[in-house]
Amino acid sequence: MGTDGSAWIVSRTARAPSNIAVIKYWGKRDEDLILPLNSSISVTLDPNDLSATTTVSTSPDFDADRLWLNDKEVSLSSHRYVSCLKELRDRATDVKDEKTGIVITKEDWKHLKLHIVSKNNFPTAAGLASSAAGFACLVFTVAELMGIKESFPGELSTIARRGSGSACRSLHGGFVKWEMGKRADGKDSIAVPLAEHHEWDDLRIVICVVSSRQKEVSSTSGMQESVQTSPLLHYRAKEVVPKRITEMEEALSKRDFSSFAKLTCADSNQFHATCLDTSPPIFYMNDTSRRIIGLVERWNKSEGSPQAAYTFDAGPNAVIFVPQKSGGALLHRLLYEFPPPEGMNLSSYVVGSTELLEALGIDKLEDIRSLERPIESPKRDEGHGELAYLICTRPGNGASLCE
Ligand SMILES: Nc1ncnc2c1ncn2[C@@H]1O[C@H](COP(=O)(O)OP(=O)(O)OP(=O)(O)O)[C@@H](O)[C@H]1O
Ligand SMILES: C[C@@](O)(CCOP(=O)(O)OP(=O)(O)O)CC(=O)O
C-alpha cells in the first residue's frame, strides 16, 4: 500500500537504440545462453532516428507480467522474455521510489508483476534490428526500476544477450564490441564500448530500406542452419573474424576510414557468402541490394579510395557509412539511381536528418529529376520504386533513462 493507503504504481521509462554490425555475429556455440562463435563489432544508431522507448510499471494490483508493443498486447511467454525477466528478478534490490516514497524490497520483486509498454520509432520486424533495440531497452528499463547495479562490468549486457544476441551491443553508444568470451556460463560474453559516438561525430549513415522484400529466414534459424551445414562459417569464425576484429579495432582507434570501409564491406560480403554456403542456401540480399553494392563499389573505384562502405544484415536493406563531407555526394548517387516512386513526397522518401539533403541543395522532388549524372554512374533508367525510403542518421548514444 502507498503511504495514504491507496494502491500504488511505480514506473521507469528509458530509450535504447538499434545497432548495425560492421563485423558480423553469425552462429552460436550455446543456443540457450546465446553465446556466439565469434566476437562482433557494431555501431549504435542515433536513438532519435531508430530506437525503442519502454515504460515498465509495477503495482500490487497487477496480476501478471504483460507487454504491449506498438499499442498491441503481445505474449511474454517466449523463452527469451522469460529468461531476461528471470535474470533481472534474481538481481533486484531494495528500492525507495523518490516520487512516491514507496519502498519495494528485494523479496517484494519476486511477487510483483510488471506491465511493459514499448514503442519503436521505426518499423518493427522489418530488418532494422528492432529486436536489438527492444530487448536492450526492456533490460535497461527493468534494471533501473529494480535498482540493479552490475556486480561486474557488462553484467546487464549478459542479460540483454539472452533476449537477442545483438541486443547486448545496444546498451552502449558509439562503436561497441561483443566479446565472445570463453566461459561456459557466458559471464565473459559481454558488450564493451570501443569508441564514444562523439569521437565519430563526422560519420554519417544512410539506411536504404528496400521495398520488395523476399521471404526471409529469421536470423535465429538462419544462423542455426549455417552452423550445421556451412564449412565456411566455421573457417570464418575461427580464422577470419579474430584477425578482422583486431584490424577493425585498430582502424577505429586511428580513425582510419579507409581501413574501416574495406573491413566493413569485406565482412558483410563474407557473411552473405556464408549464407550462400548454407544448405539449403539462404539469400538475404536481392537485386536492389546488389545494385547498391555496385553503386558504392563503382564510386570507390572511380575515386581511387573508399568514399563509402556498405553492410547488409539478414535482409535486403543496405546500411551505408560515409564521412560527413561526402554525405551529399552519396545521397546524390542514391537519388540519381533510385529516384522516389511516383507520387511520393520528398519528406517521406528521405527521412531522419535533413542535413544531407541540405548539403545537396535539394528541397523538392523536381530537384531530384534535375540531378546530374555522377561520372561513374550508368545512364539513369526510369525504373522507380525499388527503394521504399532512405533513413539518414549517424552514430548515437546507448540506452538511457527518459525524464
Ligand atoms: N520495443 C520492443 N520491445 C520488446 N520487444 C521487441 C521490441 N521491438 C521488437 N521486439 C521483439 O523483436 C521481435 C522482432 O524481431 P525480428 O528479429 O523479427 O525483427 P527485427 O529485429 O526488426 O529485424 P532483423 O532481426 O531482421 O534486423 C518482435 O516480434 C518482438 O518480439
Ligand atoms: C546478421 C546479424 O544482424 C545477426 C543478428 O542476429 P540476432 O541478434 O537477431 O540473432 P539472435 O541472437 O538469434 O536473436 C549480425 C549482427 O547483428 O551481428
# chains A, B, ... in the order shown; residues from 1 in each chain; ligands from 1
>>> closest_atom_pairs(of="chain A", to="ligand 2", cutoff="8 Å", atoms="only C-alpha atoms and all ligand atoms", output="JSON lines")
{"residue": "A:Asn19", "atom": "CA", "partner": "ligand 2", "partner_atom_place_in_ligand_line": "17 (O)", "distance": 7.4}
{"residue": "A:Ile20", "atom": "CA", "partner": "ligand 2", "partner_atom_place_in_ligand_line": "17 (O)", "distance": 5.9}
{"residue": "A:Ala21", "atom": "CA", "partner": "ligand 2", "partner_atom_place_in_ligand_line": "18 (O)", "distance": 4.6}
{"residue": "A:Val22", "atom": "CA", "partner": "ligand 2", "partner_atom_place_in_ligand_line": "18 (O)", "distance": 7.5}
{"residue": "A:Ile23", "atom": "CA", "partner": "ligand 2", "partner_atom_place_in_ligand_line": "18 (O)", "distance": 6.7}
{"residue": "A:Lys24", "atom": "CA", "partner": "ligand 2", "partner_atom_place_in_ligand_line": "18 (O)", "distance": 3.9}
{"residue": "A:Tyr25", "atom": "CA", "partner": "ligand 2", "partner_atom_place_in_ligand_line": "18 (O)", "distance": 3.7}
{"residue": "A:Trp26", "atom": "CA", "partner": "ligand 2", "partner_atom_place_in_ligand_line": "4 (C)", "distance": 5.7}
{"residue": "A:Lys28", "atom": "CA", "partner": "ligand 2", "partner_atom_place_in_ligand_line": "12 (O)", "distance": 7.8}
{"residue": "A:Ile34", "atom": "CA", "partner": "ligand 2", "partner_atom_place_in_ligand_line": "12 (O)", "distance": 6.0}
{"residue": "A:Ser40", "atom": "CA", "partner": "ligand 2", "partner_atom_place_in_ligand_line": "18 (O)", "distance": 6.0}
{"residue": "A:Ile41", "atom": "CA", "partner": "ligand 2", "partner_atom_place_in_ligand_line": "18 (O)", "distance": 7.3}
{"residue": "A:Ser42", "atom": "CA", "partner": "ligand 2", "partner_atom_place_in_ligand_line": "18 (O)", "distance": 7.1}
{"residue": "A:Ala129", "atom": "CA", "partner": "ligand 2", "partner_atom_place_in_ligand_line": "9 (O)", "distance": 6.8}
{"residue": "A:Ser131", "atom": "CA", "partner": "ligand 2", "partner_atom_place_in_ligand_line": "9 (O)", "distance": 6.7}
{"residue": "A:Ala132", "atom": "CA", "partner": "ligand 2", "partner_atom_place_in_ligand_line": "8 (O)", "distance": 6.6}
{"residue": "A:Arg161", "atom": "CA", "partner": "ligand 2", "partner_atom_place_in_ligand_line": "12 (O)", "distance": 7.1}
{"residue": "A:Arg162", "atom": "CA", "partner": "ligand 2", "partner_atom_place_in_ligand_line": "12 (O)", "distance": 7.7}
{"residue": "A:Gly163", "atom": "CA", "partner": "ligand 2", "partner_atom_place_in_ligand_line": "14 (O)", "distance": 6.6}
{"residue": "A:Ser164", "atom": "CA", "partner": "ligand 2", "partner_atom_place_in_ligand_line": "14 (O)", "distance": 3.4}
{"residue": "A:Gly165", "atom": "CA", "partner": "ligand 2", "partner_atom_place_in_ligand_line": "12 (O)", "distance": 3.4}
{"residue": "A:Ser166", "atom": "CA", "partner": "ligand 2", "partner_atom_place_in_ligand_line": "8 (O)", "distance": 3.7}
{"residue": "A:Ala167", "atom": "CA", "partner": "ligand 2", "partner_atom_place_in_ligand_line": "8 (O)", "distance": 6.3}
{"residue": "A:Ser218", "atom": "CA", "partner": "ligand 2", "partner_atom_place_in_ligand_line": "9 (O)", "distance": 7.7}
{"residue": "A:Ser219", "atom": "CA", "partner": "ligand 2", "partner_atom_place_in_ligand_line": "6 (O)", "distance": 4.9}
{"residue": "A:Thr220", "atom": "CA", "partner": "ligand 2", "partner_atom_place_in_ligand_line": "13 (O)", "distance": 3.6}
{"residue": "A:Ser221", "atom": "CA", "partner": "ligand 2", "partner_atom_place_in_ligand_line": "13 (O)", "distance": 7.3}
{"residue": "A:Met223", "atom": "CA", "partner": "ligand 2", "partner_atom_place_in_ligand_line": "13 (O)", "distance": 7.5}
{"residue": "A:Phe271", "atom": "CA", "partner": "ligand 2", "partner_atom_place_in_ligand_line": "1 (C)", "distance": 7.8}
{"residue": "A:Phe312", "atom": "CA", "partner": "ligand 2", "partner_atom_place_in_ligand_line": "1 (C)", "distance": 7.5}
{"residue": "A:Asp313", "atom": "CA", "partner": "ligand 2", "partner_atom_place_in_ligand_line": "1 (C)", "distance": 4.1}
{"residue": "A:Ala314", "atom": "CA", "partner": "ligand 2", "partner_atom_place_in_ligand_line": "1 (C)", "distance": 4.7}
>>> write_last_selection(atoms="N, CA and C atoms", output="CSV table (one decimal), in the first residue's frame")
chain,number,residue,atom,x,y,z
A,19,ASN,N,21.3,-1.1,-33.4
A,19,ASN,CA,22.7,-1.1,-33.8
A,19,ASN,C,22.9,-1.9,-35.1
A,20,ILE,N,24.0,-1.6,-35.8
A,20,ILE,CA,24.3,-2.4,-37.0
A,20,ILE,C,25.7,-2.9,-36.9
A,21,ALA,N,25.9,-4.2,-37.2
A,21,ALA,CA,27.2,-4.8,-37.0
A,21,ALA,C,28.1,-4.4,-38.3
A,22,VAL,N,29.4,-4.1,-38.0
A,22,VAL,CA,30.3,-4.0,-39.1
A,22,VAL,C,31.2,-5.2,-39.2
A,23,ILE,N,31.4,-5.9,-38.1
A,23,ILE,CA,31.9,-7.3,-38.1
A,23,ILE,C,30.8,-8.2,-37.5
A,24,LYS,N,30.3,-9.1,-38.3
A,24,LYS,CA,29.0,-9.7,-38.0
A,24,LYS,C,29.1,-10.9,-37.0
A,25,TYR,N,28.1,-11.0,-36.2
A,25,TYR,CA,27.8,-12.1,-35.4
A,25,TYR,C,26.9,-13.1,-36.2
A,26,TRP,N,27.4,-14.3,-36.4
A,26,TRP,CA,26.5,-15.3,-37.2
A,26,TRP,C,26.9,-16.7,-36.7
A,28,LYS,N,25.9,-19.5,-33.2
A,28,LYS,CA,26.0,-19.6,-31.7
A,28,LYS,C,26.8,-20.9,-31.3
A,34,ILE,N,22.7,-18.0,-25.5
A,34,ILE,CA,23.1,-17.1,-26.7
A,34,ILE,C,24.5,-16.7,-26.6
A,40,SER,N,32.0,-9.7,-32.3
A,40,SER,CA,31.5,-8.9,-33.3
A,40,SER,C,31.6,-7.4,-32.9
A,41,ILE,N,31.5,-6.5,-33.9
A,41,ILE,CA,31.7,-5.1,-33.6
A,41,ILE,C,30.5,-4.4,-34.3
A,42,SER,N,29.9,-3.4,-33.6
A,42,SER,CA,28.8,-2.7,-34.2
A,42,SER,C,28.9,-1.2,-34.0
A,129,ALA,N,16.6,-4.4,-37.1
A,129,ALA,CA,17.1,-4.7,-35.8
A,129,ALA,C,16.3,-4.1,-34.6
A,131,SER,N,14.6,-5.9,-32.7
A,131,SER,CA,14.7,-6.8,-31.5
A,131,SER,C,15.9,-6.4,-30.7
A,132,ALA,N,17.0,-5.8,-31.3
A,132,ALA,CA,18.2,-5.4,-30.6
A,132,ALA,C,17.8,-4.2,-29.7
A,161,ARG,N,21.7,-10.0,-23.9
A,161,ARG,CA,22.1,-11.1,-24.9
A,161,ARG,C,21.1,-12.2,-24.9
A,162,ARG,N,20.5,-12.5,-23.7
A,162,ARG,CA,19.5,-13.6,-23.6
A,162,ARG,C,18.2,-13.3,-24.4
A,163,GLY,N,18.0,-12.0,-24.7
A,163,GLY,CA,16.8,-11.6,-25.4
A,163,GLY,C,17.1,-11.8,-26.9
A,164,SER,N,18.2,-11.3,-27.3
A,164,SER,CA,18.7,-11.4,-28.7
A,164,SER,C,20.1,-11.1,-28.7
A,165,GLY,N,21.0,-11.9,-29.3
A,165,GLY,CA,22.4,-11.7,-29.2
A,165,GLY,C,22.8,-10.2,-29.4
A,166,SER,N,22.4,-9.7,-30.6
A,166,SER,CA,22.8,-8.4,-31.0
A,166,SER,C,22.3,-7.3,-30.0
A,167,ALA,N,21.3,-7.6,-29.2
A,167,ALA,CA,20.8,-6.6,-28.3
A,167,ALA,C,21.8,-6.1,-27.2
A,218,SER,N,14.6,-16.2,-40.5
A,218,SER,CA,15.0,-15.3,-39.4
A,218,SER,C,16.5,-15.5,-39.1
A,219,SER,N,17.1,-14.5,-38.4
A,219,SER,CA,18.5,-14.6,-38.1
A,219,SER,C,18.7,-15.8,-37.2
A,220,THR,N,17.8,-16.0,-36.3
A,220,THR,CA,18.0,-17.1,-35.3
A,220,THR,C,18.1,-18.5,-36.1
A,221,SER,N,17.1,-18.7,-37.0
A,221,SER,CA,17.1,-20.1,-37.6
A,221,SER,C,18.2,-20.1,-38.7
A,223,MET,N,21.1,-18.7,-38.7
A,223,MET,CA,22.5,-19.0,-38.2
A,223,MET,C,22.6,-20.4,-37.7
A,271,PHE,N,29.8,-12.6,-44.7
A,271,PHE,CA,28.7,-13.1,-44.0
A,271,PHE,C,27.6,-13.6,-45.0
A,312,PHE,N,25.1,-5.3,-45.0
A,312,PHE,CA,23.8,-5.8,-45.0
A,312,PHE,C,23.6,-6.8,-43.9
A,313,ASP,N,22.5,-6.8,-43.1
A,313,ASP,CA,22.2,-7.8,-42.2
A,313,ASP,C,21.4,-8.9,-42.8
A,314,ALA,N,20.6,-9.6,-42.0
A,314,ALA,CA,19.8,-10.7,-42.6
A,314,ALA,C,18.6,-10.2,-43.3
>>> residues_near_ligand(ligand="ligand 1", cutoff="7 Å", atoms="only C-alpha atoms and all ligand atoms", output="PyMOL selection string")
chain A and resi 52-54+69+118-120+123-135+137-138+218-219+313-315
>>> write_last_selection(atoms="N, CA and C atoms", output="PDB file, in the first residue's frame")
ATOM      1  N   ALA A  52      13.859   2.154 -29.438  1.00  0.00           N
ATOM      2  CA  ALA A  52      12.677   1.695 -28.702  1.00  0.00           C
ATOM      3  C   ALA A  52      12.572   2.553 -27.452  1.00  0.00           C
ATOM      4  N   THR A  53      11.345   2.911 -27.077  1.00  0.00           N
ATOM      5  CA  THR A  53      11.114   3.598 -25.799  1.00  0.00           C
ATOM      6  C   THR A  53      10.174   2.712 -24.993  1.00  0.00           C
ATOM      7  N   THR A  54      10.598   2.407 -23.770  1.00  0.00           N
ATOM      8  CA  THR A  54       9.866   1.422 -22.972  1.00  0.00           C
ATOM      9  C   THR A  54       9.559   1.985 -21.587  1.00  0.00           C
ATOM     10  N   LEU A  69       3.367  -3.960 -27.300  1.00  0.00           N
ATOM     11  CA  LEU A  69       4.381  -3.495 -28.260  1.00  0.00           C
ATOM     12  C   LEU A  69       3.672  -2.725 -29.362  1.00  0.00           C
ATOM     13  N   SER A 118       5.983  -0.670 -24.818  1.00  0.00           N
ATOM     14  CA  SER A 118       7.123  -0.255 -25.633  1.00  0.00           C
ATOM     15  C   SER A 118       6.688   0.181 -27.025  1.00  0.00           C
ATOM     16  N   LYS A 119       7.396   1.178 -27.532  1.00  0.00           N
ATOM     17  CA  LYS A 119       7.127   1.638 -28.907  1.00  0.00           C
ATOM     18  C   LYS A 119       8.439   1.809 -29.621  1.00  0.00           C
ATOM     19  N   ASN A 120       8.462   1.419 -30.886  1.00  0.00           N
ATOM     20  CA  ASN A 120       9.643   1.655 -31.714  1.00  0.00           C
ATOM     21  C   ASN A 120       9.353   2.854 -32.612  1.00  0.00           C
ATOM     22  N   PRO A 123      10.174   0.917 -38.181  1.00  0.00           N
ATOM     23  CA  PRO A 123       9.391  -0.298 -38.382  1.00  0.00           C
ATOM     24  C   PRO A 123       9.916  -1.511 -37.593  1.00  0.00           C
ATOM     25  N   THR A 124       8.971  -2.234 -36.990  1.00  0.00           N
ATOM     26  CA  THR A 124       9.297  -3.429 -36.202  1.00  0.00           C
ATOM     27  C   THR A 124       9.355  -4.644 -37.132  1.00  0.00           C
ATOM     28  N   ALA A 125      10.292  -5.543 -36.879  1.00  0.00           N
ATOM     29  CA  ALA A 125      10.428  -6.786 -37.650  1.00  0.00           C
ATOM     30  C   ALA A 125      10.510  -6.522 -39.157  1.00  0.00           C
ATOM     31  N   ALA A 126      11.253  -5.469 -39.528  1.00  0.00           N
ATOM     32  CA  ALA A 126      11.398  -5.141 -40.954  1.00  0.00           C
ATOM     33  C   ALA A 126      12.866  -5.145 -41.352  1.00  0.00           C
ATOM     34  N   GLY A 127      13.668  -5.886 -40.599  1.00  0.00           N
ATOM     35  CA  GLY A 127      15.089  -5.975 -40.936  1.00  0.00           C
ATOM     36  C   GLY A 127      15.892  -4.773 -40.477  1.00  0.00           C
ATOM     37  N   LEU A 128      15.373  -4.039 -39.487  1.00  0.00           N
ATOM     38  CA  LEU A 128      16.120  -2.883 -38.980  1.00  0.00           C
ATOM     39  C   LEU A 128      16.510  -3.088 -37.511  1.00  0.00           C
ATOM     40  N   ALA A 129      16.630  -4.365 -37.118  1.00  0.00           N
ATOM     41  CA  ALA A 129      17.104  -4.723 -35.773  1.00  0.00           C
ATOM     42  C   ALA A 129      16.268  -4.149 -34.642  1.00  0.00           C
ATOM     43  N   SER A 130      14.933  -4.215 -34.787  1.00  0.00           N
ATOM     44  CA  SER A 130      14.078  -3.738 -33.690  1.00  0.00           C
ATOM     45  C   SER A 130      14.250  -4.628 -32.467  1.00  0.00           C
ATOM     46  N   SER A 131      14.583  -5.911 -32.688  1.00  0.00           N
ATOM     47  CA  SER A 131      14.739  -6.801 -31.532  1.00  0.00           C
ATOM     48  C   SER A 131      15.945  -6.365 -30.687  1.00  0.00           C
ATOM     49  N   ALA A 132      16.994  -5.845 -31.334  1.00  0.00           N
ATOM     50  CA  ALA A 132      18.171  -5.381 -30.587  1.00  0.00           C
ATOM     51  C   ALA A 132      17.782  -4.185 -29.719  1.00  0.00           C
ATOM     52  N   ALA A 133      17.104  -3.199 -30.329  1.00  0.00           N
ATOM     53  CA  ALA A 133      16.684  -2.019 -29.566  1.00  0.00           C
ATOM     54  C   ALA A 133      15.690  -2.430 -28.475  1.00  0.00           C
ATOM     55  N   GLY A 134      14.748  -3.296 -28.835  1.00  0.00           N
ATOM     56  CA  GLY A 134      13.664  -3.680 -27.921  1.00  0.00           C
ATOM     57  C   GLY A 134      14.168  -4.414 -26.690  1.00  0.00           C
ATOM     58  N   PHE A 135      15.012  -5.416 -26.878  1.00  0.00           N
ATOM     59  CA  PHE A 135      15.494  -6.182 -25.715  1.00  0.00           C
ATOM     60  C   PHE A 135      16.475  -5.364 -24.876  1.00  0.00           C
ATOM     61  N   CYS A 137      16.346  -2.213 -24.462  1.00  0.00           N
ATOM     62  CA  CYS A 137      15.528  -1.240 -23.744  1.00  0.00           C
ATOM     63  C   CYS A 137      14.782  -1.886 -22.588  1.00  0.00           C
ATOM     64  N   LEU A 138      14.235  -3.067 -22.853  1.00  0.00           N
ATOM     65  CA  LEU A 138      13.488  -3.772 -21.809  1.00  0.00           C
ATOM     66  C   LEU A 138      14.407  -4.074 -20.617  1.00  0.00           C
ATOM     67  N   SER A 218      14.606 -16.160 -40.526  1.00  0.00           N
ATOM     68  CA  SER A 218      14.990 -15.302 -39.401  1.00  0.00           C
ATOM     69  C   SER A 218      16.467 -15.495 -39.092  1.00  0.00           C
ATOM     70  N   SER A 219      17.071 -14.483 -38.450  1.00  0.00           N
ATOM     71  CA  SER A 219      18.495 -14.588 -38.091  1.00  0.00           C
ATOM     72  C   SER A 219      18.712 -15.831 -37.232  1.00  0.00           C
ATOM     73  N   ASP A 313      22.529  -6.754 -43.142  1.00  0.00           N
ATOM     74  CA  ASP A 313      22.229  -7.799 -42.156  1.00  0.00           C
ATOM     75  C   ASP A 313      21.401  -8.897 -42.819  1.00  0.00           C
ATOM     76  N   ALA A 314      20.604  -9.595 -42.021  1.00  0.00           N
ATOM     77  CA  ALA A 314      19.837 -10.709 -42.562  1.00  0.00           C
ATOM     78  C   ALA A 314      18.591 -10.206 -43.296  1.00  0.00           C
ATOM     79  N   GLY A 315      18.806  -9.457 -44.362  1.00  0.00           N
ATOM     80  CA  GLY A 315      17.711  -8.894 -45.141  1.00  0.00           C
ATOM     81  C   GLY A 315      18.305  -8.073 -46.267  1.00  0.00           C
TER      82      GLY A 315
END
>>> residues_around(residues="Tyr81 in chain A", least_positions_apart="2", cutoff="10 Å", atoms="only C-alpha atoms", output="ChimeraX atom specification")
/A:67,75-79,83-86,135,138-139,160,162-164
>>> atom_distance(atom1="CA of Leu171 in chain A", atom2="CA of Ser226 in chain A")
27.3 Å
>>> atom_distance(atom1="CA of Pro36 in chain A", atom2="CA of Lys182 in chain A")
9.9 Å
>>> select_by_dssp(residues="range 85-275 of chain A", states="strand (DSSP E)", output="ChimeraX atom specification")
/A:95-96,103-104,113-120,175-178,191-195,203-210
